[in-house]
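*Asks:* Before I ask anything, here is the structure I am working with.
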Amino acid sequence: MKRFFKTVAALAVWVGLPAIASWGIMLLWNLLLPSLCGMGVIGYWQALGLFMLGQFMSGGFLIGFVCLGGILHACGLDPRGRSHRHWHSLSAEERKEFIRRRHEWFTSNRRMAETNSDGE
């Protein structure tokens, strides 16, 4: 029952926060930008699109929370709890090694991306 309530709360935040933020974006845009900059009035779905674009470009809460699996792990919805059990079964040295390898992988991929963009 506790898992059900956590899941419902997480989904309410995941759906409710963008809905409220989109309404706020629409309200602010329509109050300020048409009179200040001469821009057109936007609707709710356009405001939601602006919100999602901002989330994707800034790596906001939706991307970090959903795409990285944080919501599943936080709600205990990981199938069979494999990742949780695996991480907690590692010794301190194994965790440090895992983090070191992950860091190396990320930095090597970033270096490759930088060299590819410099060559163009």
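Residue numbering restarts at 1 for every chain of the structure tokens, chains are lettered A, B, ... in their displayed order, and ligands are numbered from 1 as they appear.
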Residues at most 8 Å from A:Phe51, counting only C-alpha atoms, excluding those fewer than 5 positions away in the same chain, as a PyMOL selection string?
*Replies:* chain A and resi 18+21-22+25
*Asks:* Output N, CA, C and O atoms of each residue in that selection to a file, as a PDB file, in the first residue's frame.
*Replies:*
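File written: part35.pdb
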```
ATOM      1  N   PRO A  18       4.503  20.145 -14.304  1.00  0.00           N
ATOM      2  CA  PRO A  18       4.538  20.755 -15.638  1.00  0.00           C
ATOM      3  C   PRO A  18       3.234  21.465 -15.997  1.00  0.00           C
ATOM      4  O   PRO A  18       3.253  22.493 -16.669  1.00  0.00           O
ATOM      5  N   ALA A  21       3.373  24.754 -14.077  1.00  0.00           N
ATOM      6  CA  ALA A  21       4.438  25.589 -14.645  1.00  0.00           C
ATOM      7  C   ALA A  21       4.028  26.125 -16.016  1.00  0.00           C
ATOM      8  O   ALA A  21       4.296  27.290 -16.332  1.00  0.00           O
ATOM      9  N   SER A  22       3.373  25.304 -16.826  1.00  0.00           N
ATOM     10  CA  SER A  22       2.937  25.750 -18.154  1.00  0.00           C
ATOM     11  C   SER A  22       1.908  26.849 -18.045  1.00  0.00           C
ATOM     12  O   SER A  22       1.929  27.817 -18.807  1.00  0.00           O
ATOM     13  N   ILE A  25       3.829  29.949 -17.142  1.00  0.00           N
ATOM     14  CA  ILE A  25       4.569  30.464 -18.303  1.00  0.00           C
ATOM     15  C   ILE A  25       3.619  31.188 -19.241  1.00  0.00           C
ATOM     16  O   ILE A  25       3.910  32.282 -19.727  1.00  0.00           O
TER      17      ILE A  25
END
```
*Asks:* Between atom CA of A:Glu97 and atom CA of A:Arg85, what is the distance, to one decimal in Å?
*Replies:*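 Between these atoms lies a distance of 17.4 Å.
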*Asks:* Could you tell me how far atom CA of A:His103 lies from atom CA of A:Ser89, in Å and to one decimal?
*Replies:* 20.7 Å
